[in-house]
Amino acid sequence: MTFDPATLVFVPQDAPSEIRASTVLPARRENVEFTTEDGKVLVGELALPESGDVAATLIMLHPLPTHGGFMDSHVYRKASYRLPALAGVAVLRFNTRGTESPRGTSEGRFEEGIGERYDVEAAVRFAVDRGLPNRWLVGWSFGTELALMYGAVEPVVSQVEGAVLLSPPLHRATDVHLKEWAASGKPLTVLVPEHDDYLQPAEAAARFSLVPQARLVGVDGAKHLWVGEKYAARVLDEIVDDVTEAGAGVDGLPRVWAGPVANG
């Protein structure tokens, strides 16, 4: 059975409470579908602020589906739960081809990052067609490869402001792709865990030196999967700082919420 965000039940609180991993803040959420150029129907969810202008739009490219990555990977789920309410940010999550989650299964099969080019293009096209402003790619692990390989070339590069990368392994993405990002001039923020399994801060700094405009942030204590509220919250703060004019604030995004909440 496909998960429907309309089934979330929001309950008023008597007093502000701490935002936890399963806390869902109010937003306008809808299940969405869009079709790639090669005819695959991809499934996802769009979460928008309940009111006011959209400060930025995140197009989320998830970790490797053959190793458990999907649109509900925990940092992305928390982004959709929190950022529309806390930062006025729209969050578009979707399953790349052949990937399954509680939302449903996208058509096709995993294609090692090759056919997924069409998935990235389709997601960006959907955001453009919906009139969502200030569009940024956010890639995590395998998703960073897709952002690096396809985000700095047409038809994507002219439709996005830049990208934020979480735990880039630089397996599929090569120096050629890094040089394309350099040539694009688009902002690129790279968050690298101190204890990453694939690429740690010192090596990342050397590899990303090919992109002069890249901002590399080594995160002490973190691992590839950003497990732990401390690290997930740090990621969301860094993203909001990059993609919105207001940023996350000196102390980061709020860690408590006084309004209605649901349990995810």
# chains A, B, ... in the order shown; residues from 1 in each chain; ligands from 1
>>> residues_around(residues="Lys223 of chain A", least_positions_apart="3", cutoff="12 Å", atoms="only C-alpha atoms", output="list in words")
Ser141, Leu166, Ser167, Pro168, Leu191, Val192, Pro193, Glu194, His195, Asp196, Asp197, Tyr198, Leu199, Gln200, Pro201, Gly218, Val219, Asp220, Trp226, Val227, Gly228, Lys230, Tyr231 and Ala232 of chain A
>>> write_last_selection(atoms="C-alpha atoms", output="PDB file, in the first residue's frame")
ATOM      1  CA  SER A 141      26.615   9.264  -1.503  1.00  0.00           C
ATOM      2  CA  LEU A 166      26.831  14.774   1.466  1.00  0.00           C
ATOM      3  CA  SER A 167      29.504  12.060   1.766  1.00  0.00           C
ATOM      4  CA  PRO A 168      30.726  12.062  -1.840  1.00  0.00           C
ATOM      5  CA  LEU A 191      30.095  17.977   3.504  1.00  0.00           C
ATOM      6  CA  VAL A 192      32.615  15.253   4.309  1.00  0.00           C
ATOM      7  CA  PRO A 193      32.402  13.133   7.476  1.00  0.00           C
ATOM      8  CA  GLU A 194      35.626  12.754   9.453  1.00  0.00           C
ATOM      9  CA  HIS A 195      35.186   8.964   9.505  1.00  0.00           C
ATOM     10  CA  ASP A 196      33.718   8.446   6.045  1.00  0.00           C
ATOM     11  CA  ASP A 197      34.116   4.955   4.608  1.00  0.00           C
ATOM     12  CA  TYR A 198      35.088   6.176   1.141  1.00  0.00           C
ATOM     13  CA  LEU A 199      36.472   9.715   1.068  1.00  0.00           C
ATOM     14  CA  GLN A 200      37.696  11.568   4.142  1.00  0.00           C
ATOM     15  CA  PRO A 201      38.313  15.328   4.439  1.00  0.00           C
ATOM     16  CA  GLY A 218      34.874  18.410   7.226  1.00  0.00           C
ATOM     17  CA  VAL A 219      32.508  17.334   9.993  1.00  0.00           C
ATOM     18  CA  ASP A 220      34.247  16.015  13.087  1.00  0.00           C
ATOM     19  CA  TRP A 226      25.267  10.759   9.271  1.00  0.00           C
ATOM     20  CA  VAL A 227      23.681   8.626  11.990  1.00  0.00           C
ATOM     21  CA  GLY A 228      22.612  10.552  15.087  1.00  0.00           C
ATOM     22  CA  LYS A 230      23.523  15.816  16.094  1.00  0.00           C
ATOM     23  CA  TYR A 231      24.852  15.067  12.620  1.00  0.00           C
ATOM     24  CA  ALA A 232      21.528  15.098  10.784  1.00  0.00           C
TER      25      ALA A 232
END
>>> residues_around(residues="Gln13 of chain A", least_positions_apart="4", cutoff="12 Å", atoms="only C-alpha atoms", output="ChimeraX atom specification")
/A:17-18,25,256-262
>>> atom_distance(atom1="atom CA of Thr174 of chain A", atom2="atom CA of Glu154 of chain A")
17.7 Å
>>> select_by_dssp(residues="segment 87-165 of chain A", states="alpha helix (DSSP H)", output="ChimeraX atom specification")
/A:87,116-129,142-150
>>> residues_around(residues="segment 236-239 of chain A", least_positions_apart="3", cutoff="7 Å", atoms="only C-alpha atoms", output="VMD selection string")
chain A and resid 79 164 232 to 233 242 to 243 248 252 to 253
>>> select_by_dssp(residues="segment 55-213 of chain A", states="strand (DSSP E or B)", output="PyMOL selection string")
chain A and resi 56-61+89-94+100-101+104-105+135-140+162-166+188-193
>>> closest_residue(among="A:Phe3, A:Trp181, A:Phe208, A:Phe142", to="Glu161 of chain A", atoms="only C-alpha atoms")
A:Trp181
>>> closest_residue(among="A:Gly143, A:Asp53, A:Ile114, A:Thr23", to="Pro65 of chain A", atoms="only C-alpha atoms")
A:Gly143
>>> decode(residues="segment 68-95 of chain A", atoms="N, CA and C atoms", output="PDB file, in the first residue's frame")
ATOM      1  N   GLY A  68      20.400  -0.006   0.058  1.00  0.00           N
ATOM      2  CA  GLY A  68      19.388   0.498   0.982  1.00  0.00           C
ATOM      3  C   GLY A  68      19.029   1.960   0.839  1.00  0.00           C
ATOM      4  N   GLY A  69      19.589   2.659  -0.135  1.00  0.00           N
ATOM      5  CA  GLY A  69      19.256   4.066  -0.319  1.00  0.00           C
ATOM      6  C   GLY A  69      17.941   4.247  -1.053  1.00  0.00           C
ATOM      7  N   PHE A  70      17.163   5.236  -0.611  1.00  0.00           N
ATOM      8  CA  PHE A  70      15.886   5.559  -1.252  1.00  0.00           C
ATOM      9  C   PHE A  70      15.451   6.933  -0.782  1.00  0.00           C
ATOM     10  N   MET A  71      14.279   7.386  -1.241  1.00  0.00           N
ATOM     11  CA  MET A  71      13.853   8.754  -0.930  1.00  0.00           C
ATOM     12  C   MET A  71      13.625   8.977   0.557  1.00  0.00           C
ATOM     13  N   ASP A  72      13.435   7.887   1.321  1.00  0.00           N
ATOM     14  CA  ASP A  72      13.218   7.997   2.757  1.00  0.00           C
ATOM     15  C   ASP A  72      14.491   7.837   3.572  1.00  0.00           C
ATOM     16  N   SER A  73      15.652   7.797   2.954  1.00  0.00           N
ATOM     17  CA  SER A  73      16.889   7.759   3.731  1.00  0.00           C
ATOM     18  C   SER A  73      16.865   8.897   4.746  1.00  0.00           C
ATOM     19  N   HIS A  74      17.319   8.633   5.969  1.00  0.00           N
ATOM     20  CA  HIS A  74      16.870   9.412   7.137  1.00  0.00           C
ATOM     21  C   HIS A  74      17.115  10.914   7.046  1.00  0.00           C
ATOM     22  N   VAL A  75      18.234  11.354   6.503  1.00  0.00           N
ATOM     23  CA  VAL A  75      18.466  12.800   6.428  1.00  0.00           C
ATOM     24  C   VAL A  75      17.441  13.459   5.506  1.00  0.00           C
ATOM     25  N   TYR A  76      17.099  12.784   4.412  1.00  0.00           N
ATOM     26  CA  TYR A  76      16.135  13.343   3.467  1.00  0.00           C
ATOM     27  C   TYR A  76      14.725  13.354   4.057  1.00  0.00           C
ATOM     28  N   ARG A  77      14.397  12.304   4.790  1.00  0.00           N
ATOM     29  CA  ARG A  77      13.095  12.270   5.454  1.00  0.00           C
ATOM     30  C   ARG A  77      12.987  13.423   6.461  1.00  0.00           C
ATOM     31  N   LYS A  78      14.050  13.647   7.229  1.00  0.00           N
ATOM     32  CA  LYS A  78      14.037  14.732   8.205  1.00  0.00           C
ATOM     33  C   LYS A  78      13.974  16.092   7.517  1.00  0.00           C
ATOM     34  N   ALA A  79      14.626  16.212   6.375  1.00  0.00           N
ATOM     35  CA  ALA A  79      14.526  17.470   5.620  1.00  0.00           C
ATOM     36  C   ALA A  79      13.077  17.762   5.252  1.00  0.00           C
ATOM     37  N   SER A  80      12.368  16.751   4.773  1.00  0.00           N
ATOM     38  CA  SER A  80      10.973  16.964   4.372  1.00  0.00           C
ATOM     39  C   SER A  80      10.078  17.200   5.579  1.00  0.00           C
ATOM     40  N   TYR A  81      10.425  16.580   6.716  1.00  0.00           N
ATOM     41  CA  TYR A  81       9.641  16.762   7.936  1.00  0.00           C
ATOM     42  C   TYR A  81       9.790  18.176   8.504  1.00  0.00           C
ATOM     43  N   ARG A  82      10.963  18.781   8.324  1.00  0.00           N
ATOM     44  CA  ARG A  82      11.295  19.995   9.078  1.00  0.00           C
ATOM     45  C   ARG A  82      11.424  21.271   8.251  1.00  0.00           C
ATOM     46  N   LEU A  83      12.086  21.174   7.104  1.00  0.00           N
ATOM     47  CA  LEU A  83      12.520  22.403   6.437  1.00  0.00           C
ATOM     48  C   LEU A  83      11.395  23.272   5.884  1.00  0.00           C
ATOM     49  N   PRO A  84      10.267  22.702   5.418  1.00  0.00           N
ATOM     50  CA  PRO A  84       9.193  23.611   4.991  1.00  0.00           C
ATOM     51  C   PRO A  84       8.730  24.532   6.118  1.00  0.00           C
ATOM     52  N   ALA A  85       8.619  23.990   7.334  1.00  0.00           N
ATOM     53  CA  ALA A  85       8.137  24.787   8.472  1.00  0.00           C
ATOM     54  C   ALA A  85       9.230  25.666   9.065  1.00  0.00           C
ATOM     55  N   LEU A  86      10.438  25.154   9.176  1.00  0.00           N
ATOM     56  CA  LEU A  86      11.510  25.876   9.871  1.00  0.00           C
ATOM     57  C   LEU A  86      12.225  26.897   9.003  1.00  0.00           C
ATOM     58  N   ALA A  87      12.231  26.680   7.672  1.00  0.00           N
ATOM     59  CA  ALA A  87      13.038  27.539   6.804  1.00  0.00           C
ATOM     60  C   ALA A  87      12.329  27.986   5.538  1.00  0.00           C
ATOM     61  N   GLY A  88      11.068  27.608   5.360  1.00  0.00           N
ATOM     62  CA  GLY A  88      10.356  27.990   4.148  1.00  0.00           C
ATOM     63  C   GLY A  88      10.912  27.333   2.906  1.00  0.00           C
ATOM     64  N   VAL A  89      11.482  26.148   3.061  1.00  0.00           N
ATOM     65  CA  VAL A  89      12.152  25.453   1.962  1.00  0.00           C
ATOM     66  C   VAL A  89      11.264  24.319   1.456  1.00  0.00           C
ATOM     67  N   ALA A  90      11.135  24.219   0.137  1.00  0.00           N
ATOM     68  CA  ALA A  90      10.415  23.105  -0.491  1.00  0.00           C
ATOM     69  C   ALA A  90      11.372  21.930  -0.665  1.00  0.00           C
ATOM     70  N   VAL A  91      10.866  20.729  -0.409  1.00  0.00           N
ATOM     71  CA  VAL A  91      11.694  19.528  -0.501  1.00  0.00           C
ATOM     72  C   VAL A  91      11.036  18.541  -1.464  1.00  0.00           C
ATOM     73  N   LEU A  92      11.734  18.243  -2.553  1.00  0.00           N
ATOM     74  CA  LEU A  92      11.278  17.251  -3.527  1.00  0.00           C
ATOM     75  C   LEU A  92      12.147  16.011  -3.380  1.00  0.00           C
ATOM     76  N   ARG A  93      11.523  14.940  -2.885  1.00  0.00           N
ATOM     77  CA  ARG A  93      12.196  13.644  -2.763  1.00  0.00           C
ATOM     78  C   ARG A  93      11.580  12.690  -3.778  1.00  0.00           C
ATOM     79  N   PHE A  94      12.389  11.796  -4.328  1.00  0.00           N
ATOM     80  CA  PHE A  94      11.833  10.822  -5.268  1.00  0.00           C
ATOM     81  C   PHE A  94      12.733   9.598  -5.308  1.00  0.00           C
ATOM     82  N   ASN A  95      12.167   8.491  -5.762  1.00  0.00           N
ATOM     83  CA  ASN A  95      12.931   7.261  -5.971  1.00  0.00           C
ATOM     84  C   ASN A  95      13.460   7.227  -7.399  1.00  0.00           C
TER      85      ASN A  95
END
